[in-house]
$ cat work11.pdb   # PDB, C-alpha atoms
ATOM      1  CA  MET A   1       0.000   0.000   0.000
ATOM      2  CA  TRP A   2       1.347   3.423  -0.924
ATOM      3  CA  ASP A   3       2.192   5.980   1.737
ATOM      4  CA  PRO A   4      -0.443   8.793   1.516
ATOM      5  CA  SER A   5       2.248  11.474   1.865
ATOM      6  CA  PHE A   6       4.051   9.938  -1.109
ATOM      7  CA  LEU A   7       0.869   9.963  -3.224
ATOM      8  CA  VAL A   8       0.094  13.576  -2.302
ATOM      9  CA  ALA A   9       3.591  14.672  -3.386
ATOM     10  CA  PHE A  10       4.184  12.317  -6.302
ATOM     11  CA  VAL A  11       0.909  12.012  -8.219
ATOM     12  CA  PRO A  12       0.302  15.751  -8.888
ATOM     13  CA  VAL A  13       3.940  16.149  -9.947
ATOM     14  CA  LEU A  14       3.663  13.190 -12.306
ATOM     15  CA  LEU A  15       0.398  14.379 -13.864
ATOM     16  CA  PHE A  16       1.721  17.913 -14.366
ATOM     17  CA  SER A  17       5.004  16.635 -15.819
ATOM     18  CA  LEU A  18       3.191  14.418 -18.337
ATOM     19  CA  THR A  19       0.787  17.241 -19.202
ATOM     20  CA  PHE A  20       3.568  19.796 -19.680
ATOM     21  CA  HIS A  21       5.454  17.320 -21.881
ATOM     22  CA  GLU A  22       2.485  16.845 -24.218
ATOM     23  CA  PHE A  23       1.654  20.565 -24.176
ATOM     24  CA  ALA A  24       5.230  21.306 -25.287
ATOM     25  CA  HIS A  25       4.770  19.030 -28.308
ATOM     26  CA  ALA A  26       1.488  20.729 -29.224
ATOM     27  CA  TRP A  27       2.850  24.247 -28.710
ATOM     28  CA  SER A  28       5.974  23.581 -30.792
ATOM     29  CA  ALA A  29       3.961  22.077 -33.634
ATOM     30  CA  TYR A  30       1.561  25.029 -33.578
ATOM     31  CA  ARG A  31       4.390  27.579 -33.616
ATOM     32  CA  LEU A  32       5.949  25.770 -36.586
ATOM     33  CA  GLY A  33       2.717  25.889 -38.587
ATOM     34  CA  ASP A  34       0.832  22.698 -37.723
ATOM     35  CA  PRO A  35      -2.585  23.442 -36.119
ATOM     36  CA  THR A  36      -3.605  19.763 -35.814
ATOM     37  CA  ALA A  37      -3.104  19.410 -32.055
ATOM     38  CA  ALA A  38      -4.498  22.868 -31.337
ATOM     39  CA  ALA A  39      -7.658  22.088 -33.298
ATOM     40  CA  LEU A  40      -8.147  18.986 -31.142
ATOM     41  CA  GLY A  41      -7.854  20.946 -27.900
ATOM     42  CA  ARG A  42      -4.356  19.752 -27.006
ATOM     43  CA  LEU A  43      -2.828  23.233 -26.748
ATOM     44  CA  THR A  44      -3.665  23.383 -23.040
ATOM     45  CA  LEU A  45      -2.278  22.552 -19.612
ATOM     46  CA  ASN A  46      -5.521  20.824 -18.643
ATOM     47  CA  PRO A  47      -4.374  17.261 -17.806
ATOM     48  CA  LEU A  48      -7.747  15.798 -18.775
ATOM     49  CA  ARG A  49      -7.017  16.714 -22.411
ATOM     50  CA  HIS A  50      -3.746  14.779 -22.407
ATOM     51  CA  LEU A  51      -4.215  11.753 -20.156
ATOM     52  CA  ASP A  52      -5.021   8.383 -21.662
ATOM     53  CA  ILE A  53      -7.458   6.416 -19.483
ATOM     54  CA  PHE A  54      -5.841   3.026 -20.083
ATOM     55  CA  GLY A  55      -2.323   4.457 -19.853
ATOM     56  CA  THR A  56      -3.198   6.069 -16.511
ATOM     57  CA  LEU A  57      -4.656   2.810 -15.162
ATOM     58  CA  VAL A  58      -1.495   0.954 -16.195
ATOM     59  CA  LEU A  59       0.532   3.662 -14.470
ATOM     60  CA  PHE A  60      -1.148   3.015 -11.120
ATOM     61  CA  MET A  61      -1.291  -0.764 -11.557
ATOM     62  CA  SER A  62       2.435  -0.929 -12.326
ATOM     63  CA  GLY A  63       3.377   1.070  -9.249
ATOM     64  CA  PHE A  64       4.220   4.141 -11.370
ATOM     65  CA  ARG A  65       6.889   2.260 -13.314
ATOM     66  CA  PHE A  66       5.108   2.335 -16.676
ATOM     67  CA  GLY A  67       2.284   4.251 -18.319
ATOM     68  CA  TRP A  68       1.589   6.814 -21.004
ATOM     69  CA  ALA A  69      -0.382   9.887 -22.014
ATOM     70  CA  LYS A  70      -2.175  10.508 -25.312
ATOM     71  CA  PRO A  71       0.329  11.116 -28.117
ATOM     72  CA  VAL A  72       0.027  14.578 -29.648
ATOM     73  CA  PRO A  73      -1.109  14.299 -33.281
ATOM     74  CA  VAL A  74       1.260  16.041 -35.682
ATOM     75  CA  ASN A  75       1.020  16.479 -39.441
ATOM     76  CA  VAL A  76       4.594  17.085 -40.569
ATOM     77  CA  PHE A  77       3.418  18.194 -44.017
ATOM     78  CA  ASN A  78       2.122  21.406 -42.432
ATOM     79  CA  PHE A  79       5.697  22.361 -41.545
ATOM     80  CA  ARG A  80       7.707  24.473 -43.956
ATOM     81  CA  ASP A  81      10.566  21.999 -43.432
ATOM     82  CA  PRO A  82       9.049  18.627 -42.392
ATOM     83  CA  LYS A  83      12.306  17.104 -41.090
ATOM     84  CA  PHE A  84      13.243  20.159 -39.035
ATOM     85  CA  GLY A  85       9.687  20.497 -37.772
ATOM     86  CA  MET A  86       9.649  16.853 -36.725
ATOM     87  CA  PHE A  87      12.960  17.260 -34.908
ATOM     88  CA  VAL A  88      11.918  20.388 -32.990
ATOM     89  CA  THR A  89       8.438  19.102 -32.108
ATOM     90  CA  ALA A  90       9.797  15.768 -30.885
ATOM     91  CA  ALA A  91      12.623  17.387 -28.917
ATOM     92  CA  ALA A  92      10.241  19.846 -27.240
ATOM     93  CA  GLY A  93       8.805  17.143 -24.968
ATOM     94  CA  PRO A  94      12.067  15.999 -23.327
ATOM     95  CA  ALA A  95      13.321  19.601 -23.314
ATOM     96  CA  SER A  96      10.243  20.671 -21.343
ATOM     97  CA  ASN A  97      10.936  18.014 -18.721
ATOM     98  CA  ILE A  98      14.583  19.039 -18.441
ATOM     99  CA  LEU A  99      13.409  22.647 -17.935
ATOM    100  CA  LEU A 100      11.042  21.575 -15.153
ATOM    101  CA  ALA A 101      13.796  19.465 -13.569
ATOM    102  CA  LEU A 102      16.167  22.434 -13.656
ATOM    103  CA  CYS A 103      13.572  24.646 -11.948
ATOM    104  CA  CYS A 104      13.008  22.004  -9.255
ATOM    105  CA  GLY A 105      16.756  21.592  -8.813
ATOM    106  CA  VAL A 106      17.375  25.325  -8.357
ATOM    107  CA  LEU A 107      14.527  25.570  -5.838
ATOM    108  CA  LEU A 108      15.855  22.518  -3.981
ATOM    109  CA  ARG A 109      19.220  24.224  -3.654
ATOM    110  CA  LEU A 110      17.486  27.331  -2.269
ATOM    111  CA  THR A 111      15.655  25.230   0.334
ATOM    112  CA  GLY A 112      18.784  23.344   1.300
ATOM    113  CA  GLY A 113      18.245  20.335  -0.961
ATOM    114  CA  GLY A 114      16.865  18.057   1.724
ATOM    115  CA  MET A 115      13.470  16.976   3.043
ATOM    116  CA  PHE A 116      13.851  18.844   6.315
ATOM    117  CA  GLY A 117      11.305  18.525   9.079
ATOM    118  CA  GLY A 118       9.489  15.560   7.564
ATOM    119  CA  SER A 119       6.654  15.627   5.067
ATOM    120  CA  GLU A 120       4.255  16.875   7.760
ATOM    121  CA  SER A 121       5.985  20.290   7.878
ATOM    122  CA  LEU A 122       5.514  22.904   5.161
ATOM    123  CA  LEU A 123       9.192  22.952   4.213
ATOM    124  CA  GLY A 124       9.321  19.165   4.251
ATOM    125  CA  ALA A 125       6.274  18.936   1.979
ATOM    126  CA  VAL A 126       7.679  21.520  -0.435
ATOM    127  CA  THR A 127      11.076  19.843  -0.670
ATOM    128  CA  GLN A 128       9.426  16.452  -1.180
ATOM    129  CA  VAL A 129       7.414  17.824  -4.103
ATOM    130  CA  LEU A 130      10.524  19.462  -5.552
ATOM    131  CA  PHE A 131      12.540  16.265  -5.131
ATOM    132  CA  TRP A 132       9.979  14.169  -6.999
ATOM    133  CA  GLY A 133       9.674  16.917  -9.605
ATOM    134  CA  LEU A 134      13.420  16.692 -10.169
ATOM    135  CA  VAL A 135      13.553  12.901 -10.363
ATOM    136  CA  MET A 136      10.340  12.430 -12.348
ATOM    137  CA  ASN A 137      11.149  15.023 -14.984
ATOM    138  CA  LEU A 138      14.704  13.796 -15.501
ATOM    139  CA  SER A 139      13.387  10.240 -15.804
ATOM    140  CA  LEU A 140      10.733  11.292 -18.327
ATOM    141  CA  ALA A 141      13.228  13.333 -20.332
ATOM    142  CA  PHE A 142      15.878  10.655 -20.689
ATOM    143  CA  PHE A 143      13.371   7.830 -21.127
ATOM    144  CA  ASN A 144      11.757   9.686 -24.019
ATOM    145  CA  LEU A 145      15.162  10.417 -25.552
ATOM    146  CA  ILE A 146      15.774   6.689 -26.063
ATOM    147  CA  PRO A 147      15.732   6.253 -29.876
ATOM    148  CA  ILE A 148      13.168   3.443 -29.916
ATOM    149  CA  PRO A 149       9.727   4.050 -31.476
ATOM    150  CA  PRO A 150       7.314   5.421 -30.426
ATOM    151  CA  LEU A 151       9.502   7.446 -28.055
ATOM    152  CA  ASP A 152      10.539  10.990 -28.949
ATOM    153  CA  GLY A 153      14.140   9.952 -29.458
ATOM    154  CA  SER A 154      13.194   7.936 -32.543
ATOM    155  CA  LYS A 155      11.539  10.994 -34.103
ATOM    156  CA  ILE A 156      14.502  13.186 -33.202
ATOM    157  CA  ILE A 157      16.815  10.746 -34.993
ATOM    158  CA  LEU A 158      14.455  10.630 -37.971
ATOM    159  CA  GLY A 159      14.452  14.428 -38.140
ATOM    160  CA  LEU A 160      18.254  14.630 -38.015
ATOM    161  CA  ALA A 161      19.181  11.627 -40.154
ATOM    162  CA  PRO A 162      20.141  11.952 -43.837
ATOM    163  CA  ASP A 163      17.486  11.009 -46.381
ATOM    164  CA  SER A 164      19.299   7.735 -47.152
ATOM    165  CA  TRP A 165      18.479   6.515 -43.613
ATOM    166  CA  GLU A 166      14.776   7.236 -43.912
ATOM    167  CA  GLY A 167      13.731   3.823 -45.251
ATOM    168  CA  PRO A 168      15.379   1.704 -42.507
ATOM    169  CA  LEU A 169      14.269   4.134 -39.798
ATOM    170  CA  LEU A 170      10.662   4.066 -40.988
ATOM    171  CA  ARG A 171      10.720   0.258 -41.006
ATOM    172  CA  PHE A 172      12.044   0.329 -37.448
ATOM    173  CA  GLN A 173       9.098   2.576 -36.555
ATOM    174  CA  GLN A 174       6.831  -0.414 -37.210
ATOM    175  CA  ILE A 175       8.618  -2.919 -34.962
ATOM    176  CA  GLY A 176      10.010  -0.473 -32.402
ATOM    177  CA  PRO A 177       6.968  -0.509 -30.060
ATOM    178  CA  MET A 178       7.169  -4.302 -29.699
ATOM    179  CA  PHE A 179      10.892  -4.057 -28.971
ATOM    180  CA  LEU A 180      10.253  -1.360 -26.345
ATOM    181  CA  PHE A 181       7.472  -3.386 -24.725
ATOM    182  CA  GLY A 182       9.811  -6.388 -24.610
ATOM    183  CA  LEU A 183      12.449  -4.391 -22.723
ATOM    184  CA  ILE A 184       9.811  -3.155 -20.266
ATOM    185  CA  ALA A 185       8.495  -6.700 -19.768
ATOM    186  CA  ILE A 186      12.010  -7.983 -19.073
ATOM    187  CA  GLY A 187      12.326  -5.390 -16.309
ATOM    188  CA  PHE A 188       9.140  -6.619 -14.629
ATOM    189  CA  ILE A 189      10.133 -10.277 -14.952
ATOM    190  CA  VAL A 190      13.733 -10.129 -13.731
ATOM    191  CA  HIS A 191      13.286  -7.028 -11.505
ATOM    192  CA  VAL A 192      16.204  -5.347 -13.238
ATOM    193  CA  SER A 193      15.163  -2.770 -15.813
ATOM    194  CA  PRO A 194      17.356  -2.586 -18.930
ATOM    195  CA  LEU A 195      15.877   0.845 -19.600
ATOM    196  CA  TRP A 196      16.790   2.160 -16.142
ATOM    197  CA  MET A 197      20.299   0.754 -16.595
ATOM    198  CA  LEU A 198      20.470   2.949 -19.707
ATOM    199  CA  ILE A 199      18.973   6.180 -18.381
ATOM    200  CA  GLY A 200      19.756   5.866 -14.664
ATOM    201  CA  PRO A 201      23.321   7.243 -14.883
ATOM    202  CA  PHE A 202      22.053  10.330 -16.740
ATOM    203  CA  VAL A 203      19.244  10.893 -14.228
ATOM    204  CA  LYS A 204      21.701  10.655 -11.341
ATOM    205  CA  LEU A 205      24.264  12.906 -13.026
ATOM    206  CA  PHE A 206      21.786  15.682 -13.807
ATOM    207  CA  ALA A 207      20.154  15.425 -10.370
ATOM    208  CA  TRP A 208      23.579  16.137  -8.908
ATOM    209  CA  LEU A 209      24.294  18.925 -11.409
ATOM    210  CA  PHE A 210      20.914  20.626 -10.986
ATOM    211  CA  ALA A 211      20.311  20.165  -7.257
ATOM    212  CA  GLY A 212      23.437  18.707  -5.702
ATOM    213  CA  VAL A 213      21.367  15.628  -4.835
ATOM    214  CA  ALA A 214      23.029  12.206  -4.803
ATOM    215  CA  LEU A 215      20.368   9.696  -5.800
ATOM    216  CA  GLY A 216      20.482   6.136  -4.537
ATOM    217  CA  LEU A 217      17.762   4.915  -6.928
TER     218      LEU A 217
END
$ encode --input "work11.pdb" --output "structure tokens"
Amino acid sequence: MWDPSFLVAFVPVLLFSLTFHEFAHAWSAYRLGDPTAAALGRLTLNPLRHLDIFGTLVLFMSGFRFGWAKPVPVNVFNFRDPKFGMFVTAAAGPASNILLALCCGVLLRLTGGGMFGGSESLLGAVTQVLFWGLVMNLSLAFFNLIPIPPLDGSKIILGLAPDSWEGPLLRFQQIGPMFLFGLIAIGFIVHVSPLWMLIGPFVKLFAWLFAGVALGL
């Protein structure tokens, strides 16, 4: 059973981080000339417009280790330069999480960087929220930067790659989700996540750089 103080600090941070990530995709696409997401009401910070019901249920059932929000629909042919537009729109999501993590890290440094006084005190509650904001947003950023479809990293690579790579990369787009699900399943089965082994060092490094926090995750 989850600790109520953990849920109060963690769940709002997670929902806002996911929402801000999807909003960043929609805003970038809109600024680059694609109104698709805006026309569907995705240019908003209202989490109800971005959360996927099944993905949210999986999130809670998995103990917050796996889940997803609604992907932001993008029509790259509305961009003046489709490849550049794809790159910027895809990169906006992880970049938004890194920005939020940086803000949380700076504020953690200003509050001393620790969970002083316990979660029952105001300062303790604030630092707990900031701590989870730091960890969650760094985890979301680096997870989404993995170049496996349908994660943002695969679209970033597709936007940067030369035209000669387009065929193989598009074929990988079709099998990538199964490969990603397989890696996630392995983590649940053996209790050692290959994905965390990949992104964990980056999360820990940037947590230390942003907030001076040494993570033991």
$ closest_residue --input "work11.pdb" --among "A:Met197, A:Phe210, A:Gly176, A:Phe188" --to "A:Ile98" --atoms "all atoms listed in the file"
A:Phe210
$ residues_around --input "work11.pdb" --residues "A:Leu99" --least-positions-apart "6" --cutoff "12 Å" --atoms "all atoms listed in the file" --output "list of chain:residue names"
A:Ser17, A:Phe20, A:His21, A:Ala24, A:Ala92, A:Gly93, A:Gly105, A:Val106, A:Gly133, A:Leu134, A:Asn137, A:Leu138, A:Leu140, A:Ala141, A:Phe206, A:Phe210
$ write_last_selection --input "work11.pdb" --atoms "C-alpha atoms" --output "short mmCIF file (atom, residue, chain, number, x, y, z; two decimals), in the frame of the given file"
data_model
loop_
_atom_site.label_atom_id
_atom_site.label_comp_id
_atom_site.auth_asym_id
_atom_site.auth_seq_id
_atom_site.Cartn_x
_atom_site.Cartn_y
_atom_site.Cartn_z
CA SER A 17 5.00 16.64 -15.82
CA PHE A 20 3.57 19.80 -19.68
CA HIS A 21 5.45 17.32 -21.88
CA ALA A 24 5.23 21.31 -25.29
CA ALA A 92 10.24 19.85 -27.24
CA GLY A 93 8.80 17.14 -24.97
CA GLY A 105 16.76 21.59 -8.81
CA VAL A 106 17.38 25.32 -8.36
CA GLY A 133 9.67 16.92 -9.60
CA LEU A 134 13.42 16.69 -10.17
CA ASN A 137 11.15 15.02 -14.98
CA LEU A 138 14.70 13.80 -15.50
CA LEU A 140 10.73 11.29 -18.33
CA ALA A 141 13.23 13.33 -20.33
CA PHE A 206 21.79 15.68 -13.81
CA PHE A 210 20.91 20.63 -10.99
#
$ atom_distance --input "work11.pdb" --atom1 "atom CA of A:Trp27" --atom2 "atom CA of A:Gly41"
11.2 Å
$ resolve_selection --input "work11.pdb" --expression "the PyMOL selection byres ((chain A and resi 109) around 12)" --output "ChimeraX atom specification"
/A:102-108,110-115,127,130-131,134,207-213
$ atom_distance --input "work11.pdb" --atom1 "atom CA of A:Ile148" --atom2 "atom CA of A:Leu32"
24.4 Å
$ residues_near_point --input "work11.pdb" --point "(13.0, 9.0, -28.0)" --cutoff "12 Å" --atoms "all atoms listed in the file" --output "number ranges by chain"
A: 87, 89-95, 140-159, 173, 176-177, 180, 199
$ resolve_selection --input "work11.pdb" --expression "the PyMOL selection byres ((chain A and resi 30) around 12)" --output "PyMOL selection string"
chain A and resi 23-29+31-44+72-76+78-79+85-86+88-89+92
$ atom_distance --input "work11.pdb" --atom1 "atom CA of A:His191" --atom2 "atom CA of A:Pro4"
24.7 Å
$ closest_residue --input "work11.pdb" --among "A:Arg171, A:Arg80, A:Arg65, A:Lys70" --to "A:Ser193" --atoms "all atoms listed in the file"
A:Arg65
$ residues_around --input "work11.pdb" --residues "A:Ser139" --least-positions-apart "6" --cutoff "9 Å" --atoms "only C-alpha atoms" --output "list in words"
Asn97, Trp196, Ile199, Gly200, Phe202 and Val203 of chain A
$ resolve_selection --input "work11.pdb" --expression "the PyMOL selection byres ((chain A and resi 10) around 9)" --output "ChimeraX atom specification"
/A:5-9,11-15,128-129,132-133,136
$ write_last_selection --input "work11.pdb" --atoms "C-alpha atoms" --output "PDB file, in the coordinates of the input"
ATOM      1  CA  SER A   5       2.248  11.474   1.865  1.00  0.00           C
ATOM      2  CA  PHE A   6       4.051   9.938  -1.109  1.00  0.00           C
ATOM      3  CA  LEU A   7       0.869   9.963  -3.224  1.00  0.00           C
ATOM      4  CA  VAL A   8       0.094  13.576  -2.302  1.00  0.00           C
ATOM      5  CA  ALA A   9       3.591  14.672  -3.386  1.00  0.00           C
ATOM      6  CA  VAL A  11       0.909  12.012  -8.219  1.00  0.00           C
ATOM      7  CA  PRO A  12       0.302  15.751  -8.888  1.00  0.00           C
ATOM      8  CA  VAL A  13       3.940  16.149  -9.947  1.00  0.00           C
ATOM      9  CA  LEU A  14       3.663  13.190 -12.306  1.00  0.00           C
ATOM     10  CA  LEU A  15       0.398  14.379 -13.864  1.00  0.00           C
ATOM     11  CA  GLN A 128       9.426  16.452  -1.180  1.00  0.00           C
ATOM     12  CA  VAL A 129       7.414  17.824  -4.103  1.00  0.00           C
ATOM     13  CA  TRP A 132       9.979  14.169  -6.999  1.00  0.00           C
ATOM     14  CA  GLY A 133       9.674  16.917  -9.605  1.00  0.00           C
ATOM     15  CA  MET A 136      10.340  12.430 -12.348  1.00  0.00           C
TER      16      MET A 136
END
$ closest_residue --input "work11.pdb" --among "A:Trp165, A:Leu195, A:Val126, A:Phe54" --to "A:Phe179" --atoms "all atoms listed in the file"
A:Leu195
$ axis_aligned_box --input "work11.pdb" --around "stretch 146-153 of chain A" --padding-each-side "4 Å" --output "JSON"
{"center_x": 11.5, "center_y": 7.2, "center_z": -28.8, "size_x": 16.5, "size_y": 15.5, "size_z": 13.4}
$ residues_near_point --input "work11.pdb" --point "(1.9, 5.9, -21.7)" --cutoff "8 Å" --atoms "all atoms listed in the file" --output "PDB file with C-alpha atoms, in the frame of the given file"
ATOM      1  CA  ASP A  52      -5.021   8.383 -21.662  1.00  0.00           C
ATOM      2  CA  GLY A  55      -2.323   4.457 -19.853  1.00  0.00           C
ATOM      3  CA  THR A  56      -3.198   6.069 -16.511  1.00  0.00           C
ATOM      4  CA  LEU A  59       0.532   3.662 -14.470  1.00  0.00           C
ATOM      5  CA  PHE A  66       5.108   2.335 -16.676  1.00  0.00           C
ATOM      6  CA  GLY A  67       2.284   4.251 -18.319  1.00  0.00           C
ATOM      7  CA  TRP A  68       1.589   6.814 -21.004  1.00  0.00           C
ATOM      8  CA  ALA A  69      -0.382   9.887 -22.014  1.00  0.00           C
ATOM      9  CA  LYS A  70      -2.175  10.508 -25.312  1.00  0.00           C
TER      10      LYS A  70
END
$ decode --input "work11.pdb" --residues "stretch 176-202 of chain A" --atoms "N, CA and C atoms" --output "PDB file, in the first residue's frame"
ATOM      1  N   GLY A 176       9.459  -1.084 -33.604  1.00  0.00           N
ATOM      2  CA  GLY A 176      10.010  -0.473 -32.402  1.00  0.00           C
ATOM      3  C   GLY A 176       9.140  -0.626 -31.163  1.00  0.00           C
ATOM      4  N   PRO A 177       7.805  -0.378 -31.262  1.00  0.00           N
ATOM      5  CA  PRO A 177       6.968  -0.509 -30.060  1.00  0.00           C
ATOM      6  C   PRO A 177       7.020  -1.892 -29.431  1.00  0.00           C
ATOM      7  N   MET A 178       7.074  -2.949 -30.245  1.00  0.00           N
ATOM      8  CA  MET A 178       7.169  -4.302 -29.699  1.00  0.00           C
ATOM      9  C   MET A 178       8.509  -4.510 -28.992  1.00  0.00           C
ATOM     10  N   PHE A 179       9.571  -3.959 -29.577  1.00  0.00           N
ATOM     11  CA  PHE A 179      10.892  -4.057 -28.971  1.00  0.00           C
ATOM     12  C   PHE A 179      10.917  -3.327 -27.627  1.00  0.00           C
ATOM     13  N   LEU A 180      10.302  -2.137 -27.579  1.00  0.00           N
ATOM     14  CA  LEU A 180      10.253  -1.360 -26.345  1.00  0.00           C
ATOM     15  C   LEU A 180       9.450  -2.103 -25.280  1.00  0.00           C
ATOM     16  N   PHE A 181       8.291  -2.646 -25.676  1.00  0.00           N
ATOM     17  CA  PHE A 181       7.472  -3.386 -24.725  1.00  0.00           C
ATOM     18  C   PHE A 181       8.232  -4.606 -24.187  1.00  0.00           C
ATOM     19  N   GLY A 182       9.017  -5.239 -25.042  1.00  0.00           N
ATOM     20  CA  GLY A 182       9.811  -6.388 -24.610  1.00  0.00           C
ATOM     21  C   GLY A 182      10.820  -5.994 -23.541  1.00  0.00           C
ATOM     22  N   LEU A 183      11.485  -4.856 -23.725  1.00  0.00           N
ATOM     23  CA  LEU A 183      12.449  -4.391 -22.723  1.00  0.00           C
ATOM     24  C   LEU A 183      11.756  -4.073 -21.404  1.00  0.00           C
ATOM     25  N   ILE A 184      10.562  -3.472 -21.485  1.00  0.00           N
ATOM     26  CA  ILE A 184       9.811  -3.155 -20.266  1.00  0.00           C
ATOM     27  C   ILE A 184       9.394  -4.438 -19.559  1.00  0.00           C
ATOM     28  N   ALA A 185       8.930  -5.423 -20.343  1.00  0.00           N
ATOM     29  CA  ALA A 185       8.495  -6.700 -19.768  1.00  0.00           C
ATOM     30  C   ALA A 185       9.652  -7.414 -19.081  1.00  0.00           C
ATOM     31  N   ILE A 186      10.834  -7.361 -19.681  1.00  0.00           N
ATOM     32  CA  ILE A 186      12.010  -7.983 -19.073  1.00  0.00           C
ATOM     33  C   ILE A 186      12.270  -7.385 -17.692  1.00  0.00           C
ATOM     34  N   GLY A 187      12.116  -6.053 -17.591  1.00  0.00           N
ATOM     35  CA  GLY A 187      12.326  -5.390 -16.309  1.00  0.00           C
ATOM     36  C   GLY A 187      11.382  -5.888 -15.234  1.00  0.00           C
ATOM     37  N   PHE A 188      10.114  -6.118 -15.602  1.00  0.00           N
ATOM     38  CA  PHE A 188       9.140  -6.619 -14.629  1.00  0.00           C
ATOM     39  C   PHE A 188       9.438  -8.073 -14.245  1.00  0.00           C
ATOM     40  N   ILE A 189       9.908  -8.848 -15.203  1.00  0.00           N
ATOM     41  CA  ILE A 189      10.133 -10.277 -14.952  1.00  0.00           C
ATOM     42  C   ILE A 189      11.369 -10.515 -14.091  1.00  0.00           C
ATOM     43  N   VAL A 190      12.469  -9.866 -14.442  1.00  0.00           N
ATOM     44  CA  VAL A 190      13.733 -10.129 -13.731  1.00  0.00           C
ATOM     45  C   VAL A 190      14.013  -9.101 -12.648  1.00  0.00           C
ATOM     46  N   HIS A 191      13.143  -8.082 -12.525  1.00  0.00           N
ATOM     47  CA  HIS A 191      13.286  -7.028 -11.505  1.00  0.00           C
ATOM     48  C   HIS A 191      14.564  -6.213 -11.676  1.00  0.00           C
ATOM     49  N   VAL A 192      15.078  -6.212 -12.881  1.00  0.00           N
ATOM     50  CA  VAL A 192      16.204  -5.347 -13.238  1.00  0.00           C
ATOM     51  C   VAL A 192      15.873  -4.730 -14.588  1.00  0.00           C
ATOM     52  N   SER A 193      15.627  -3.429 -14.594  1.00  0.00           N
ATOM     53  CA  SER A 193      15.163  -2.770 -15.813  1.00  0.00           C
ATOM     54  C   SER A 193      16.317  -2.420 -16.749  1.00  0.00           C
ATOM     55  N   PRO A 194      16.322  -2.985 -17.963  1.00  0.00           N
ATOM     56  CA  PRO A 194      17.356  -2.586 -18.930  1.00  0.00           C
ATOM     57  C   PRO A 194      17.266  -1.102 -19.268  1.00  0.00           C
ATOM     58  N   LEU A 195      16.046  -0.565 -19.263  1.00  0.00           N
ATOM     59  CA  LEU A 195      15.877   0.845 -19.600  1.00  0.00           C
ATOM     60  C   LEU A 195      16.437   1.742 -18.505  1.00  0.00           C
ATOM     61  N   TRP A 196      16.218   1.363 -17.226  1.00  0.00           N
ATOM     62  CA  TRP A 196      16.790   2.160 -16.142  1.00  0.00           C
ATOM     63  C   TRP A 196      18.311   2.055 -16.137  1.00  0.00           C
ATOM     64  N   MET A 197      18.848   0.892 -16.498  1.00  0.00           N
ATOM     65  CA  MET A 197      20.299   0.754 -16.595  1.00  0.00           C
ATOM     66  C   MET A 197      20.856   1.726 -17.626  1.00  0.00           C
ATOM     67  N   LEU A 198      20.044   2.029 -18.647  1.00  0.00           N
ATOM     68  CA  LEU A 198      20.470   2.949 -19.707  1.00  0.00           C
ATOM     69  C   LEU A 198      20.345   4.400 -19.276  1.00  0.00           C
ATOM     70  N   ILE A 199      19.216   4.766 -18.688  1.00  0.00           N
ATOM     71  CA  ILE A 199      18.973   6.180 -18.381  1.00  0.00           C
ATOM     72  C   ILE A 199      19.365   6.563 -16.956  1.00  0.00           C
ATOM     73  N   GLY A 200      19.465   5.576 -16.065  1.00  0.00           N
ATOM     74  CA  GLY A 200      19.756   5.866 -14.664  1.00  0.00           C
ATOM     75  C   GLY A 200      20.993   6.722 -14.446  1.00  0.00           C
ATOM     76  N   PRO A 201      22.130   6.413 -15.088  1.00  0.00           N
ATOM     77  CA  PRO A 201      23.321   7.243 -14.883  1.00  0.00           C
ATOM     78  C   PRO A 201      23.115   8.705 -15.279  1.00  0.00           C
ATOM     79  N   PHE A 202      22.317   8.951 -16.324  1.00  0.00           N
ATOM     80  CA  PHE A 202      22.053  10.330 -16.740  1.00  0.00           C
ATOM     81  C   PHE A 202      21.140  11.038 -15.737  1.00  0.00           C
TER      82      PHE A 202
END
